[in-house]
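Accompanying notes for the structure given below.
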Amino acid sequence: MLSLLLTPLLLLGAVTAQRTIEWTFVQNGTSGVIPVELITLSPTLMLQYDRADGNPLLLPNGEKAWAALWHLENNTATPLDTITDTFCAGGAFISNGTLVSVAGQPLEDPGQPPADGRMGIRLFGPCTSPDGSGAGCTVFEDPANIHLAVTRWYPTGLRIPDGSLMIIGGSNTNTFYNTGPTTENSIEFFPSRPGEAGTVRPSQFLVDAEPVSLFPRSFVLPSGHVFVIANNISMIYDVETNTELMRLPDIPNGVRVANPFDGTGQLLPLIPPLYEPTVLVCGGSAADDRIPAANLSTLDPATDQCSRITLTADGVKKGWEVETMPEQRILMESVMLPSGDVLLINGAHTGYSGYPSVGGSNATGSNSANPAERGMLYRTGTQFQSGQRITQEGIPTSGIPRMYHSSASITALGNIMVAGSNPHPAVVEPPTNLSFPTEFRVQYLNPDFITNGSPRPAIRSAPTQVAFNQKVRLTVSIPAGLSSGDVQVSLMDLGYVTHAQHSNSRLVVLQHTLLGNVLEITTPPNNNIYPPGPAWLFLVVDGVWSQGVQVMVGDGGNPPRAAQGSKVTFNSL
């Protein structure tokens with residue numbers, strides 16, 4: 001096999017599947033709890049967080065569980081015990097590999113578990129046991145001593161360049177619109193930054209984003225600054241100086257994202273040497289947020305708009321580029337694939353997020369209607385121009401409505417776990433006269449190279465930990481039928497999935513040289529390009545990706561971590 005050095009031009013062209021994948025749905029197992037939050041933990045385990053609302057999965061003491069480990073090898077769930085209510089929490093992995101879940105639901109039943117989750121901080125892992133029975137595979141909580149500064153529900157958790165968790169926004173009560181005294185228009189950190197213990201940073205941006213401001217979509221940029229979007233406005237924020245650096249142009253055509261007008265967003269692949277960041281936002285609603293909830297309807301159309309903006313000086317001058325999906329969507333998940341393409345899946349064609357509160361919802365038990373059962377693929381390769389990027393070719397219908405509180409995440413195996421759906425304030429199972437019963441069936445959306453058992457590229461050996469700006473050698477295998485001239489190495493954070501957002505989802509394309517079965521990669525230059533913490537390596541050849549291999553990026557220490565790697569000036573705001 002000839003030596004191959006990918007130039008920047010080739011790298012730019014490589015970030016796409018070069019073939020049409022034929023996908024297949026397979027239903028296998030029942031989740032036991034509703035995976036309102038779904039996180040890939042390891043090659044064999046997924047974590048599911050829900051609420052205590054009558055789930056069939058029981059804890060050893062006979063209580064109904066609201067958290068569980070999902071076992072990919074046998075498609076079963078094992079209950080996890082937590083102290084506080086995890087419902088509608090946010091979170092992320094931090095620099096030492098711990099998964100941190102923050103906030104949750106208010107107390108529902110005094111004297112009965114779970115406890116009020118709104119100030120909750122839950123620590124999980126690192127869990128290295130394949131079956132989840134070993135050390136680190138339980139949820140640790142100490143509410144009296146480890147908690148948030150204020151009550152929050154529906155906040156976003158974002159790992160920032162020092163490896164700590166930035167916690168953005170939320171509410172403190174059950175509400176459709178997030179406005180007035182119920183809002184928590186502030187930012188805090190875990191661990192707290194020096195001099196800020198027990199305090200928060202007020203955010204005028206979140207005030208201005210009311211009332212569509214729950215789960216603001218957020219991404220770390222190569223500059224180290226943070227992009228935040230809610231309602232139809234967005235900003236660039238400097239964590240170090242606590243400064244809103246700039247407001248960006250509004251999303252065109254009045255389209256709004258964030259809960260309860262849930263559109264989905266992704267930071268598109270970061271490609272060397274420029275690492276220019278482009279944000280994609282798809283779906284949501286163009287409804288007027290001044291209309292009272294009771295005057296909205298489950299039949300109000302969602303938007304069919306995708307919008308993208310490149311966060312450079314020139315990109316902002318150009319503004320948002322608008323594209324049209326073949327279907328209108330709300331409540332839609334966006335799953336970053338190792339190829340760099342984005343799978344858009346789940347949701348509905350009409351309505352809104354939330355429990356029944358808009359017109360027509362009492363009859364259906366749901367704020368949305370007309371389930372969207374066929375996914376779409378947003379292709380990111382440079383050969384696809386505006387109007388060509390979105391396709392449904394090769395993607396089947398699921399046959400199962402996946403409405404509010406559904407989720408979808410890529411697994412370490414390289415397929416997509418699709419689960420959940422419960423638009424009701426309690427478990428509602430058939431038979432029922434409501435339109436969308438609580439859904440416990442788990443599906444996998446498999447690309448054809450998994451379904452048909454075709455040989456796939458594989459990473460045979462890799463280090464378990466890498467530093468920044470380092471050359472590292474992997475041992476790989478590439479099947480004879482695939483072209484070694486079309487190789488991509490993707491370093492990924494698979495995200496903390498909840499409410500149509502994949503918080504912390506990230507793909508960094510790595511420069512590499514391939515010689516025989518040895519692949520030399522260059523790790524991200526610094527902790528702005530990839531905030532220190534757990535990651536997955538995928539090898540993509542001819543649009544076919546390997547199983548993921550876990551790797552810790554950075555020194556693995558507790559946050560906050562000092563700057564790591566090399567200082568590089570990037571074309572990023």
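Letters A, B, ... mark the chains of the structure tokens in the order given; residue numbers begin at 1 per chain; ligand numbers begin at 1, in order shown.
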Within range 193-324 of chain A, find each residue whose DSSP state, derived from the backbone, is strand (DSSP E or B), and express the selection as JSON, numbers by chain. {"A": [201, 202, 214, 217, 218, 219, 220, 226, 227, 228, 229, 230, 231, 233, 234, 235, 236, 237, 238, 243, 244, 245, 246, 247, 256, 257, 259, 263, 264, 265, 266, 267, 270, 278, 279, 280, 281, 282, 283, 285, 297, 301, 303, 304, 305, 306, 307, 308, 309, 310, 321, 322, 323, 324]}
Which residues of range 359-380 of chain A come within 7 Å of range 281-302 of chain A, and what is each one's closest atom pair and distance in Å (one decimal), counting only C-alpha atoms, sorted by chain and residue number, as a tab-separated table?
```
residue	atom	partner	partner_atom	distance
A:Gly359	CA	A:Ser297	CA	4.4
A:Gly360	CA	A:Thr298	CA	5.8
A:Ser361	CA	A:Thr298	CA	6.2
A:Asn367	CA	A:Thr298	CA	5.3
A:Ser368	CA	A:Thr298	CA	4.7
A:Ala369	CA	A:Thr298	CA	5.7
```
Closest atom pairs, range 363-433 of chain A residues within 8 Å of range 42-64 of chain A, only C-alpha atoms, as a tab-separated table:
```
residue	atom	partner	partner_atom	distance
A:Thr411	CA	A:Pro43	CA	7.4
A:Ala412	CA	A:Pro43	CA	5.0
A:Leu413	CA	A:Pro43	CA	6.8
A:Pro425	CA	A:Asp53	CA	7.6
A:Ala426	CA	A:Asp53	CA	5.1
A:Val427	CA	A:Gly54	CA	5.7
```
So that I can check the secondary structure, give me every residue of range 165-235 of chain A assigned helix (DSSP H, G or I) by backbone DSSP, as a VMD selection string. chain A and resid 180 to 182 204 to 209
Suppose we keep N, CA and C atoms; can you now write the selection as a PDB file, in the first residue's frame?
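The resulting file, result-v2.pdb, is shown below:
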```pdb
ATOM      1  N   GLY A 180     -40.330  35.888  32.797  1.00  0.00           N
ATOM      2  CA  GLY A 180     -40.678  36.443  34.091  1.00  0.00           C
ATOM      3  C   GLY A 180     -39.876  35.849  35.235  1.00  0.00           C
ATOM      4  N   PRO A 181     -40.451  35.780  36.430  1.00  0.00           N
ATOM      5  CA  PRO A 181     -39.700  35.342  37.613  1.00  0.00           C
ATOM      6  C   PRO A 181     -39.329  33.859  37.593  1.00  0.00           C
ATOM      7  N   THR A 182     -39.898  33.077  36.668  1.00  0.00           N
ATOM      8  CA  THR A 182     -39.564  31.648  36.627  1.00  0.00           C
ATOM      9  C   THR A 182     -38.239  31.382  35.931  1.00  0.00           C
ATOM     10  N   GLN A 204     -27.636  38.989  29.882  1.00  0.00           N
ATOM     11  CA  GLN A 204     -28.619  39.784  29.164  1.00  0.00           C
ATOM     12  C   GLN A 204     -29.087  39.055  27.919  1.00  0.00           C
ATOM     13  N   PHE A 205     -28.206  38.262  27.327  1.00  0.00           N
ATOM     14  CA  PHE A 205     -28.598  37.492  26.141  1.00  0.00           C
ATOM     15  C   PHE A 205     -29.781  36.589  26.458  1.00  0.00           C
ATOM     16  N   LEU A 206     -29.723  35.874  27.583  1.00  0.00           N
ATOM     17  CA  LEU A 206     -30.819  34.981  27.932  1.00  0.00           C
ATOM     18  C   LEU A 206     -32.094  35.758  28.226  1.00  0.00           C
ATOM     19  N   VAL A 207     -31.969  36.919  28.807  1.00  0.00           N
ATOM     20  CA  VAL A 207     -33.144  37.772  29.010  1.00  0.00           C
ATOM     21  C   VAL A 207     -33.767  38.111  27.656  1.00  0.00           C
ATOM     22  N   ASP A 208     -32.917  38.498  26.709  1.00  0.00           N
ATOM     23  CA  ASP A 208     -33.413  38.897  25.393  1.00  0.00           C
ATOM     24  C   ASP A 208     -33.984  37.720  24.602  1.00  0.00           C
ATOM     25  N   ALA A 209     -33.566  36.497  24.951  1.00  0.00           N
ATOM     26  CA  ALA A 209     -34.056  35.311  24.237  1.00  0.00           C
ATOM     27  C   ALA A 209     -35.406  34.828  24.755  1.00  0.00           C
TER      28      ALA A 209
END
```
So that I can check the surroundings of Pro114 in chain A, please list as JSON, numbers by chain every protein, DNA and RNA residue that reaches within 6 Å of it, counting only C-alpha atoms and ignoring chain neighbours fewer than 3 positions away. {"A": [83, 84, 85]}
Counting only C-alpha atoms, which residues in range 166-237 of chain A sit no more than 9 Å from range 492-515 of chain A? For each one, give the nearest pair of atoms and the distance in Å, sorted by chain then residue number, as a tab-separated table.
```
residue	atom	partner	partner_atom	distance
A:Phe215	CA	A:His499	CA	7.7
A:Pro216	CA	A:Gln501	CA	8.7
A:Arg217	CA	A:Gln501	CA	6.8
A:Ser218	CA	A:Ser503	CA	7.1
A:Phe219	CA	A:Asn504	CA	6.7
A:Val220	CA	A:Asn504	CA	8.1
```
Restricting it to N, CA and C atoms, dump the selection as a tab-separated table (two decimals), in the first residue's frame.
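result08.tsv written:
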```
chain	number	residue	atom	x	y	z
A	215	PHE	N	-32.83	25.15	27.27
A	215	PHE	CA	-31.81	24.39	26.56
A	215	PHE	C	-31.21	25.20	25.41
A	216	PRO	N	-30.61	26.36	25.68
A	216	PRO	CA	-29.95	27.10	24.61
A	216	PRO	C	-28.85	26.25	23.97
A	217	ARG	N	-28.80	26.26	22.65
A	217	ARG	CA	-27.80	25.47	21.93
A	217	ARG	C	-26.46	26.20	21.98
A	218	SER	N	-25.39	25.48	22.32
A	218	SER	CA	-24.11	26.13	22.59
A	218	SER	C	-22.95	25.28	22.09
A	219	PHE	N	-21.88	25.95	21.63
A	219	PHE	CA	-20.70	25.25	21.12
A	219	PHE	C	-19.45	26.05	21.45
A	220	VAL	N	-18.36	25.34	21.75
A	220	VAL	CA	-17.06	25.97	21.93
A	220	VAL	C	-16.42	26.17	20.56
```
Using only C-alpha atoms, determine which residues lie at most 10 Å from Leu69 in chain A, disregarding the query and same-chain residues fewer than 5 positions distant; provide the list as a PDB file with N, CA and C atoms, in the first residue's frame.
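Result went into around-v4.pdb, see below:
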```pdb
ATOM      1  N   SER A  31     -36.564  -0.237  26.806  1.00  0.00           N
ATOM      2  CA  SER A  31     -35.605   0.579  27.549  1.00  0.00           C
ATOM      3  C   SER A  31     -35.819   0.564  29.062  1.00  0.00           C
ATOM      4  N   GLY A  32     -37.024   0.229  29.531  1.00  0.00           N
ATOM      5  CA  GLY A  32     -37.282   0.189  30.969  1.00  0.00           C
ATOM      6  C   GLY A  32     -37.582   1.551  31.559  1.00  0.00           C
ATOM      7  N   VAL A  33     -36.861   2.578  31.142  1.00  0.00           N
ATOM      8  CA  VAL A  33     -37.160   3.972  31.469  1.00  0.00           C
ATOM      9  C   VAL A  33     -37.147   4.733  30.141  1.00  0.00           C
ATOM     10  N   LEU A  38     -29.740  10.649  26.824  1.00  0.00           N
ATOM     11  CA  LEU A  38     -29.079   9.440  26.332  1.00  0.00           C
ATOM     12  C   LEU A  38     -27.619   9.764  26.056  1.00  0.00           C
ATOM     13  N   ILE A  39     -26.716   8.998  26.679  1.00  0.00           N
ATOM     14  CA  ILE A  39     -25.288   9.279  26.574  1.00  0.00           C
ATOM     15  C   ILE A  39     -24.535   7.988  26.301  1.00  0.00           C
ATOM     16  N   LEU A  41     -21.537   5.781  26.798  1.00  0.00           N
ATOM     17  CA  LEU A  41     -20.527   5.689  27.845  1.00  0.00           C
ATOM     18  C   LEU A  41     -19.297   4.909  27.419  1.00  0.00           C
ATOM     19  N   THR A  44     -19.922  -0.782  25.240  1.00  0.00           N
ATOM     20  CA  THR A  44     -21.022  -1.688  25.582  1.00  0.00           C
ATOM     21  C   THR A  44     -22.180  -1.023  26.317  1.00  0.00           C
ATOM     22  N   LEU A  45     -22.019   0.229  26.738  1.00  0.00           N
ATOM     23  CA  LEU A  45     -23.009   0.832  27.639  1.00  0.00           C
ATOM     24  C   LEU A  45     -23.481   2.201  27.164  1.00  0.00           C
ATOM     25  N   MET A  46     -24.778   2.444  27.369  1.00  0.00           N
ATOM     26  CA  MET A  46     -25.391   3.751  27.211  1.00  0.00           C
ATOM     27  C   MET A  46     -26.030   4.122  28.548  1.00  0.00           C
ATOM     28  N   LEU A  47     -26.111   5.409  28.850  1.00  0.00           N
ATOM     29  CA  LEU A  47     -26.750   5.869  30.072  1.00  0.00           C
ATOM     30  C   LEU A  47     -28.069   6.548  29.723  1.00  0.00           C
ATOM     31  N   GLN A  48     -29.132   6.200  30.460  1.00  0.00           N
ATOM     32  CA  GLN A  48     -30.451   6.773  30.258  1.00  0.00           C
ATOM     33  C   GLN A  48     -30.903   7.476  31.537  1.00  0.00           C
ATOM     34  N   TYR A  49     -31.288   8.741  31.424  1.00  0.00           N
ATOM     35  CA  TYR A  49     -31.898   9.466  32.542  1.00  0.00           C
ATOM     36  C   TYR A  49     -33.338   9.822  32.176  1.00  0.00           C
ATOM     37  N   THR A  76     -30.627  -4.925  27.090  1.00  0.00           N
ATOM     38  CA  THR A  76     -31.365  -4.918  28.348  1.00  0.00           C
ATOM     39  C   THR A  76     -30.949  -3.697  29.166  1.00  0.00           C
ATOM     40  N   ALA A  77     -31.787  -3.363  30.151  1.00  0.00           N
ATOM     41  CA  ALA A  77     -31.536  -2.210  31.010  1.00  0.00           C
ATOM     42  C   ALA A  77     -31.322  -2.648  32.445  1.00  0.00           C
ATOM     43  N   THR A  78     -30.361  -2.032  33.112  1.00  0.00           N
ATOM     44  CA  THR A  78     -30.111  -2.234  34.533  1.00  0.00           C
ATOM     45  C   THR A  78     -30.404  -0.937  35.265  1.00  0.00           C
ATOM     46  N   PRO A  79     -31.258  -0.949  36.291  1.00  0.00           N
ATOM     47  CA  PRO A  79     -31.611   0.307  36.960  1.00  0.00           C
ATOM     48  C   PRO A  79     -30.433   0.906  37.710  1.00  0.00           C
ATOM     49  N   LEU A  80     -30.409   2.234  37.752  1.00  0.00           N
ATOM     50  CA  LEU A  80     -29.439   2.987  38.532  1.00  0.00           C
ATOM     51  C   LEU A  80     -30.191   3.805  39.575  1.00  0.00           C
ATOM     52  N   ASP A 131     -19.857  -4.615  31.648  1.00  0.00           N
ATOM     53  CA  ASP A 131     -21.252  -4.875  31.980  1.00  0.00           C
ATOM     54  C   ASP A 131     -21.811  -3.880  32.989  1.00  0.00           C
ATOM     55  N   GLY A 132     -21.024  -2.863  33.357  1.00  0.00           N
ATOM     56  CA  GLY A 132     -21.505  -1.841  34.261  1.00  0.00           C
ATOM     57  C   GLY A 132     -21.555  -2.239  35.713  1.00  0.00           C
ATOM     58  N   CYS A 137     -19.393   2.802  38.137  1.00  0.00           N
ATOM     59  CA  CYS A 137     -20.584   2.583  37.321  1.00  0.00           C
ATOM     60  C   CYS A 137     -21.871   2.845  38.087  1.00  0.00           C
ATOM     61  N   THR A 138     -21.792   3.719  39.088  1.00  0.00           N
ATOM     62  CA  THR A 138     -22.970   4.150  39.826  1.00  0.00           C
ATOM     63  C   THR A 138     -22.990   5.676  39.859  1.00  0.00           C
TER      64      THR A 138
END
```
With only C-alpha atoms as the counted atoms, please give the residues lying no more than 7 Å from Pro524 in chain A, apart from itself and same-chain residues fewer than 3 positions off, as a ChimeraX atom specification. /A:468-469,529-530
Export, as a short mmCIF file (atom, residue, chain, number, x, y, z; two decimals), in the first residue's frame, the selected residues with C-alpha atoms.
```cif
data_model
loop_
_atom_site.label_atom_id
_atom_site.label_comp_id
_atom_site.auth_asym_id
_atom_site.auth_seq_id
_atom_site.Cartn_x
_atom_site.Cartn_y
_atom_site.Cartn_z
CA PHE A 468 -2.47 17.80 22.32
CA ASN A 469 -0.40 18.62 19.22
CA ILE A 529 -10.12 22.82 19.17
CA TYR A 530 -11.10 19.89 21.41
#
```
The distance between CA of Asn571 in chain A and CA of Ile309 in chain A is 13.9 Å
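The coordinates place CA of Leu573 in chain A at 23.8 Å from CA of Val553 in chain A.
Distance-wise, CA of Thr30 in chain A and CA of Ser421 in chain A end up 12.4 Å apart.
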